[in-house]
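Student: My structure file start-v2.cif, mmCIF, C-alpha atoms, is below:
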data_input
#
loop_
_atom_site.label_atom_id
_atom_site.label_comp_id
_atom_site.auth_asym_id
_atom_site.auth_seq_id
_atom_site.Cartn_x
_atom_site.Cartn_y
_atom_site.Cartn_z
CA MET A 28 -52.80 37.52 -50.18
CA ALA A 29 -52.66 34.08 -51.82
CA ALA A 30 -51.76 31.13 -49.61
CA ARG A 31 -48.14 30.02 -49.76
CA SER A 32 -47.37 26.33 -50.23
CA GLN A 33 -45.32 24.62 -47.51
CA TRP A 34 -43.99 21.82 -49.72
CA LYS A 35 -43.85 20.79 -53.38
CA GLY A 36 -43.25 17.36 -54.85
CA PHE A 37 -45.11 14.34 -56.18
CA LEU A 38 -47.82 11.99 -54.96
CA LYS A 39 -46.65 8.52 -56.02
CA LEU A 40 -48.86 5.44 -56.23
CA SER A 41 -47.11 2.55 -58.00
CA LEU A 42 -46.37 3.97 -61.50
CA VAL A 43 -48.71 6.95 -61.06
CA SER A 44 -46.91 10.21 -60.21
CA ILE A 45 -48.93 13.39 -59.58
CA PRO A 46 -47.32 16.82 -59.01
CA VAL A 47 -48.79 18.29 -55.81
CA LYS A 48 -48.39 21.23 -53.43
CA ALA A 49 -49.04 21.16 -49.68
CA TYR A 50 -50.74 24.01 -47.84
CA SER A 51 -51.12 24.27 -44.08
CA ALA A 52 -54.71 23.47 -43.07
CA THR A 53 -54.58 25.77 -40.04
CA THR A 54 -54.48 29.55 -39.96
CA SER A 55 -53.50 31.94 -37.18
CA SER A 56 -56.61 33.58 -35.76
CA ALA A 57 -56.91 37.34 -36.22
CA GLY A 58 -58.14 37.62 -32.65
CA GLU A 59 -55.23 35.71 -31.11
CA ILE A 60 -53.44 37.66 -28.39
CA GLN A 61 -49.70 37.33 -27.82
CA LEU A 62 -48.29 38.34 -24.45
CA ASN A 63 -44.68 39.54 -24.34
CA GLN A 64 -42.18 38.99 -21.54
CA LEU A 65 -41.14 42.22 -19.80
CA HIS A 66 -38.63 43.12 -17.11
CA ALA A 67 -40.74 43.57 -13.95
CA GLU A 68 -38.61 46.51 -12.75
CA CYS A 69 -38.92 48.77 -15.83
CA ASN A 70 -41.37 47.05 -18.27
CA SER A 71 -38.67 46.78 -20.96
CA ARG A 72 -39.10 43.94 -23.47
CA ILE A 73 -37.04 40.81 -22.78
CA ARG A 74 -34.83 40.04 -25.80
CA TYR A 75 -33.17 36.78 -26.79
CA LYS A 76 -29.76 36.89 -28.40
CA LYS A 77 -27.77 34.09 -30.06
CA THR A 78 -24.26 34.25 -28.66
CA CYS A 79 -20.90 32.55 -29.08
CA ALA A 80 -18.71 31.98 -26.03
CA ILE A 81 -15.73 33.48 -27.89
CA HIS A 82 -17.19 36.28 -30.04
CA GLY A 83 -20.39 37.23 -28.21
CA GLU A 84 -23.56 37.97 -30.20
CA VAL A 85 -23.72 36.28 -33.64
CA PRO A 86 -25.95 37.41 -36.58
CA GLN A 87 -28.23 34.85 -38.25
CA GLU A 88 -26.10 34.70 -41.40
CA GLY A 89 -23.11 33.69 -39.28
CA ILE A 90 -24.78 30.52 -37.94
CA VAL A 91 -24.27 27.04 -39.46
CA SER A 92 -25.45 23.54 -38.50
CA GLY A 93 -23.13 20.97 -36.97
CA TYR A 94 -23.17 17.53 -35.36
CA GLU A 95 -21.25 16.89 -32.12
CA TYR A 96 -19.43 13.58 -32.74
CA ALA A 97 -17.21 13.95 -29.64
CA LYS A 98 -17.06 16.31 -26.67
CA ASP A 99 -16.87 19.85 -28.14
CA GLN A 100 -15.93 18.38 -31.54
CA TYR A 101 -18.31 19.16 -34.43
CA VAL A 102 -18.60 18.32 -38.11
CA ILE A 103 -20.29 21.06 -40.15
CA ILE A 104 -23.26 20.11 -42.35
CA ASN A 105 -24.47 22.71 -44.86
CA THR A 106 -27.76 22.84 -46.73
CA ASP A 107 -26.20 22.05 -50.13
CA GLU A 108 -24.82 18.78 -48.78
CA LEU A 109 -28.21 17.87 -47.32
CA GLU A 110 -29.90 18.60 -50.66
CA LYS A 111 -27.51 16.23 -52.46
CA LEU A 112 -28.63 13.41 -50.16
CA ARG A 113 -32.21 13.71 -51.44
CA THR A 114 -33.28 11.35 -54.21
CA GLU A 115 -36.35 11.65 -56.42
CA ASP A 116 -38.23 9.45 -53.94
CA ASP A 117 -37.40 11.92 -51.17
CA LYS A 118 -39.29 14.59 -53.13
CA ALA A 119 -42.43 12.47 -53.24
CA ILE A 120 -45.22 11.27 -50.95
CA ARG A 121 -44.85 7.52 -51.40
CA ILE A 122 -48.15 5.70 -50.79
CA ASP A 123 -47.41 2.27 -49.31
CA SER A 124 -50.92 0.97 -48.59
CA PHE A 125 -54.60 1.79 -48.16
CA ILE A 126 -56.61 1.07 -45.01
CA PRO A 127 -60.35 1.15 -44.17
CA GLU A 128 -61.15 4.61 -42.78
CA ASP A 129 -62.77 3.13 -39.65
CA SER A 130 -59.59 1.16 -38.82
CA PHE A 131 -57.42 4.24 -38.21
CA ASP A 132 -56.60 5.17 -34.61
CA PRO A 133 -56.53 9.00 -34.17
CA LEU A 134 -54.00 8.49 -31.36
CA TYR A 135 -51.29 8.49 -34.06
CA LEU A 136 -52.13 12.02 -35.25
CA THR A 137 -49.54 14.69 -34.44
CA GLY A 138 -51.96 17.61 -34.74
CA LYS A 139 -50.66 18.99 -38.05
CA ASN A 140 -52.64 18.86 -41.29
CA TYR A 141 -51.97 19.92 -44.88
CA TYR A 142 -54.23 20.27 -47.90
CA LEU A 143 -52.71 18.69 -50.98
CA ALA A 144 -53.55 20.43 -54.25
CA PRO A 145 -52.65 19.43 -57.81
CA ASP A 146 -49.65 21.42 -59.03
CA GLY A 147 -50.67 22.57 -62.49
CA PRO A 148 -53.41 21.60 -64.98
CA ILE A 149 -51.65 18.38 -66.02
CA ALA A 150 -52.02 17.00 -62.49
CA GLN A 151 -55.72 17.79 -61.97
CA LYS A 152 -57.32 14.77 -63.68
CA ALA A 153 -55.12 12.14 -62.00
CA TYR A 154 -55.51 13.88 -58.63
CA GLN A 155 -59.30 13.90 -58.94
CA VAL A 156 -59.44 10.24 -59.97
CA ILE A 157 -57.37 9.08 -56.95
CA CYS A 158 -59.26 11.33 -54.52
CA GLN A 159 -62.69 10.22 -55.74
CA ALA A 160 -61.72 6.53 -55.77
CA MET A 161 -60.50 6.74 -52.15
CA GLY A 162 -63.75 8.44 -51.13
CA GLU A 163 -66.01 5.88 -52.77
CA LEU A 164 -64.01 2.96 -51.35
CA LYS A 165 -63.86 4.65 -47.91
CA ARG A 166 -60.09 4.20 -47.77
CA PHE A 167 -57.26 6.21 -46.23
CA ALA A 168 -53.72 6.05 -47.62
CA VAL A 169 -50.58 5.50 -45.54
CA GLY A 170 -47.21 6.61 -46.85
CA GLN A 171 -43.94 8.41 -46.15
CA VAL A 172 -42.43 11.72 -47.19
CA VAL A 173 -39.32 13.76 -46.39
CA MET A 174 -40.62 17.06 -45.02
CA HIS A 175 -38.93 19.67 -42.84
CA SER A 176 -35.63 17.77 -43.19
CA ARG A 177 -36.87 14.47 -41.79
CA GLU A 178 -38.71 11.35 -42.90
CA GLN A 179 -42.34 11.45 -41.82
CA LEU A 180 -45.08 8.85 -41.71
CA VAL A 181 -48.28 10.37 -43.15
CA LEU A 182 -51.97 9.62 -43.55
CA LEU A 183 -53.91 10.85 -46.59
CA ARG A 184 -57.70 11.10 -46.49
CA PRO A 185 -60.22 12.56 -48.96
CA GLN A 186 -62.22 15.54 -47.73
CA GLN A 187 -64.53 17.74 -49.81
CA GLY A 188 -62.69 17.06 -53.05
CA PHE A 189 -59.20 17.49 -51.56
CA LEU A 190 -56.66 15.11 -50.08
CA VAL A 191 -55.67 16.03 -46.53
CA MET A 192 -52.18 14.91 -45.46
CA SER A 193 -51.59 14.41 -41.73
CA PRO A 194 -48.12 13.58 -40.32
CA LEU A 195 -48.29 10.68 -37.85
CA ASN A 196 -46.36 9.52 -34.83
CA TYR A 197 -44.42 6.30 -35.32
CA ALA A 198 -45.56 3.30 -33.25
CA THR A 199 -42.44 3.66 -31.08
CA GLN A 200 -43.58 7.18 -30.12
CA ILE A 201 -46.99 6.08 -28.81
CA SER A 202 -47.45 4.88 -25.23
CA SER A 203 -49.58 1.77 -24.83
CA PRO A 204 -52.70 2.01 -22.61
CA ALA A 205 -51.19 -0.89 -20.67
CA SER A 206 -48.61 1.57 -19.34
CA PHE A 207 -51.34 3.22 -17.26
CA GLU A 208 -53.27 0.18 -16.03
CA ASP A 209 -52.38 0.98 -12.42
CA GLU A 210 -54.19 4.31 -12.78
CA MET A 211 -57.46 2.62 -13.78
CA PRO A 212 -58.53 -0.11 -11.35
CA LYS A 213 -61.48 -2.22 -12.50
CA THR A 214 -64.73 -1.25 -10.75
CA PRO A 215 -68.16 -2.89 -11.21
CA VAL A 216 -70.72 -1.02 -13.34
CA SER A 217 -74.42 -1.57 -12.68
CA PRO A 218 -76.89 -2.01 -15.58
CA ASP A 219 -78.89 1.04 -14.43
CA GLU A 220 -75.78 3.26 -14.43
CA LEU A 221 -74.83 2.04 -17.90
CA LYS A 222 -78.36 2.61 -19.22
CA LEU A 223 -78.48 6.18 -17.91
CA ALA A 224 -75.01 6.93 -19.29
CA LYS A 225 -76.12 5.69 -22.74
CA THR A 226 -79.28 7.81 -22.50
CA LEU A 227 -77.17 10.90 -21.69
CA ILE A 228 -74.80 10.20 -24.59
CA GLU A 229 -77.67 9.69 -27.05
CA ALA A 230 -79.44 12.86 -25.84
CA SER A 231 -76.20 14.83 -26.36
CA SER A 232 -75.43 13.34 -29.79
CA LYS A 233 -75.58 15.14 -33.15
CA ASP A 234 -75.88 13.80 -36.68
CA LYS A 235 -72.46 15.17 -37.67
CA ALA A 236 -69.49 16.98 -36.14
CA ASP A 237 -69.79 20.80 -36.19
CA PHE A 238 -67.16 22.90 -34.41
CA THR A 239 -68.32 26.32 -35.63
CA GLY A 240 -70.24 26.97 -32.42
CA TYR A 241 -67.14 26.68 -30.22
CA LYS A 242 -65.30 29.88 -29.29
CA ASP A 243 -62.06 30.58 -27.45
CA VAL A 244 -63.74 31.92 -24.29
CA TYR A 245 -60.43 32.40 -22.46
CA MET A 246 -59.10 34.61 -25.28
CA GLN A 247 -62.32 36.67 -25.19
CA LYS A 248 -61.96 37.23 -21.45
CA LEU A 249 -58.30 38.16 -21.94
CA SER A 250 -59.43 40.73 -24.54
CA GLN A 251 -61.84 42.26 -22.01
CA LEU A 252 -59.12 42.38 -19.35
CA ILE A 253 -56.68 44.16 -21.71
CA GLU A 254 -59.35 46.66 -22.82
CA ALA A 255 -60.18 47.43 -19.18
CA LYS A 256 -56.54 47.90 -18.17
CA VAL A 257 -55.71 50.11 -21.18
CA SER A 258 -58.76 52.24 -20.31
CA GLY A 259 -57.67 52.44 -16.69
CA LYS A 260 -60.68 50.48 -15.49
CA GLU A 261 -60.95 47.54 -13.13
CA LEU A 262 -62.53 44.37 -14.48
CA VAL A 263 -65.07 42.98 -12.00
CA ALA A 264 -65.53 39.23 -12.03
CA ALA A 265 -69.06 37.82 -12.16
CA PRO A 266 -70.24 36.22 -8.90
CA ALA A 267 -69.56 32.48 -8.76
CA GLN A 268 -72.61 30.28 -9.15
CA GLU A 269 -73.51 27.94 -6.33
CA PRO A 270 -72.66 24.39 -7.48
CA ILE A 271 -75.48 21.86 -7.62
CA GLN A 272 -75.14 19.31 -4.83
CA ILE A 273 -74.93 15.81 -6.30
CA ILE A 274 -75.23 12.89 -3.91
CA ASN A 275 -74.19 10.00 -6.17
CA LEU A 276 -73.49 8.96 -9.76
CA MET A 277 -77.10 7.92 -10.48
CA ASP A 278 -78.41 11.32 -9.38
CA ALA A 279 -75.76 13.09 -11.45
CA LEU A 280 -76.68 11.06 -14.54
CA ARG A 281 -80.43 11.61 -14.06
CA GLN A 282 -80.05 15.39 -13.61
CA SER A 283 -77.68 15.58 -16.58
CA VAL A 284 -80.21 13.78 -18.81
CA GLU A 285 -82.96 16.19 -17.70
CA GLN A 286 -80.76 19.24 -18.33
CA THR A 287 -79.85 17.98 -21.79
CA LYS A 288 -83.48 17.31 -22.71
CA THR A 289 -84.52 20.82 -21.64
CA GLY A 290 -81.57 22.42 -23.46
CA ALA A 291 -80.04 23.81 -20.26
CA VAL A 292 -76.52 22.77 -21.25
CA ALA A 293 -74.92 25.22 -23.70
CA VAL A 294 -72.01 24.49 -26.00
CA GLY A 295 -69.34 27.05 -26.91
CA GLY A 296 -68.74 30.54 -25.58
CA SER A 297 -70.00 34.00 -26.22
CA ALA A 298 -68.77 35.79 -29.31
CA ASP A 299 -69.42 39.26 -27.92
CA ALA A 300 -65.86 40.02 -26.88
CA LYS A 301 -63.63 41.70 -29.46
CA PRO A 302 -59.84 41.68 -29.77
CA PRO A 303 -58.31 44.62 -27.93
CA ARG A 304 -57.59 47.67 -30.05
CA LYS A 305 -54.55 49.85 -29.55
CA MET A 306 -55.59 52.77 -27.36
CA ALA A 307 -53.72 55.83 -26.16
CA ALA A 308 -54.31 57.21 -22.68
CA SER A 309 -56.04 60.59 -22.53
CA LYS A 310 -53.99 63.62 -21.63
CA GLY A 311 -53.45 63.88 -17.93
CA THR A 312 -54.37 60.26 -17.29
CA LYS A 313 -52.33 57.11 -17.16
CA PRO A 314 -53.67 53.53 -17.37
CA ALA A 315 -53.31 51.77 -14.04
CA ALA A 316 -51.36 48.86 -15.54
CA VAL A 317 -48.75 50.99 -17.35
CA ARG A 318 -45.62 52.14 -15.58
CA LYS A 319 -43.13 54.59 -16.94
CA ARG A 320 -39.86 53.03 -18.10
CA LYS A 321 -36.77 53.96 -16.16
CA THR A 322 -33.96 55.54 -18.14
CA SER A 323 -30.33 55.42 -17.30
#
Now that the file is in, can you turn its structure into structure tokens?

Tutor:
Amino acid sequence: MAARSQWKGFLKLSLVSIPVKAYSATTSSAGEIQLNQLHAECNSRIRYKKTCAIHGEVPQEGIVSGYEYAKDQYVIINTDELEKLRTEDDKAIRIDSFIPEDSFDPLYLTGKNYYLAPDGPIAQKAYQVICQAMGELKRFAVGQVVMHSREQLVLLRPQQGFLVMSPLNYATQISSPASFEDEMPKTPVSPDELKLAKTLIEASSKDKADFTGYKDVYMQKLSQLIEAKVSGKELVAAPAQEPIQIINLMDALRQSVEQTKTGAVAVGGSADAKPPRKMAASKGTKPAAVRKRKTS
């Protein structure tokens, strides 16, 4: 199924206006496991209902948005009224400035990312020109856009022929490191310790970032646990390894450097585990973790 755009509008730079669409850069993993809340007494699913103090449960179509301007006093705001507040600028990503890519602090990132794509053939040439120019100049763009019913500060950066838009936290939402100075007292660092630490970092460094080798090990173990319980088996934990006794920081750094050089430190988890499949208990048997629901 084709990807569905999350937002449509324009990318505006001075007098240049490019129609664009935004697609979420993250996808839900096929192997992701969702646990449901159950009533411990009968294993029935816990349900959440939207209720009104006067009329009880309310269907979704019977719910509106309102602002409480005084105690228990609300003014109703509907979506048509909100749409009328939007101007043409509100439907655009307005680029305010460009910054050197190495001057950006990732602390401002909110964790969400969107791929911007040109919306239609007429937008492709202008989009490509802006994207390529930013890449060659090693510049990121900073701007604002109204998205999900609120004004958002965004960063745009070129990546493999696309512009990636990342919503940012405002400066007022970021805590300064000075707020935690009491947690980090200044301690002297010896030249030998610093040299060994640099050696360890260099030995563990790669030419470029590559996250393909990392796996969600916890989710894999959860898959194994679910498979075992559905099959009525007991999952036996592997024996814990005896931790290496480290006397001091210098010894820890030296041993870490040696392990890294010999390739003893592995990155990522095993990909052997598979998502649990739906299984039915054989006749005459019942999985240990499943209890029969009580009926009234």

Student: Taking all atoms listed in the file into account, which of A:Gln100, A:Ser231, A:Gln186, A:Gln179 comes nearest Thr289 (chain A)?

Tutor: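 For Thr289 (chain A), the nearest of the candidates is A:Ser231.
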
Student: Would you write out, as a ChimeraX atom specification, every residue that the PyMOL selection byres ((chain A and resi 64) around 6) captures in this file?

Tutor: /A:63,65,73

Student: To verify the selection step, state as a count of residues only which residues the PyMOL selection byres ((chain A and resi 123-126) around 10) yields on this input.

Tutor: 23

Student: Nearest to Leu227 (chain A): which of A:Glu285, A:Glu269, A:Glu88, A:Glu208 is it, counting all atoms listed in the file?

Tutor: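 Of A:Glu285, A:Glu269, A:Glu88, A:Glu208, the one nearest Leu227 (chain A) is A:Glu285, counting all atoms listed in the file.
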
Student: Mind giving me the straight-line distance from CA of Lys225 (chain A) to CA of Lys213 (chain A) in Å, one decimal?

Tutor: 19.5 Å

Student: Expressed in Å to a single decimal, how great is the separation between CA of Phe189 (chain A) and CA of Ala150 (chain A)?

Tutor: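 CA of Ala150 (chain A) lies 13.1 Å from CA of Phe189 (chain A).
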
Student: In Å to one decimal, how far is CA of Leu195 (chain A) from CA of Thr137 (chain A)?

Tutor: 5.4 Å
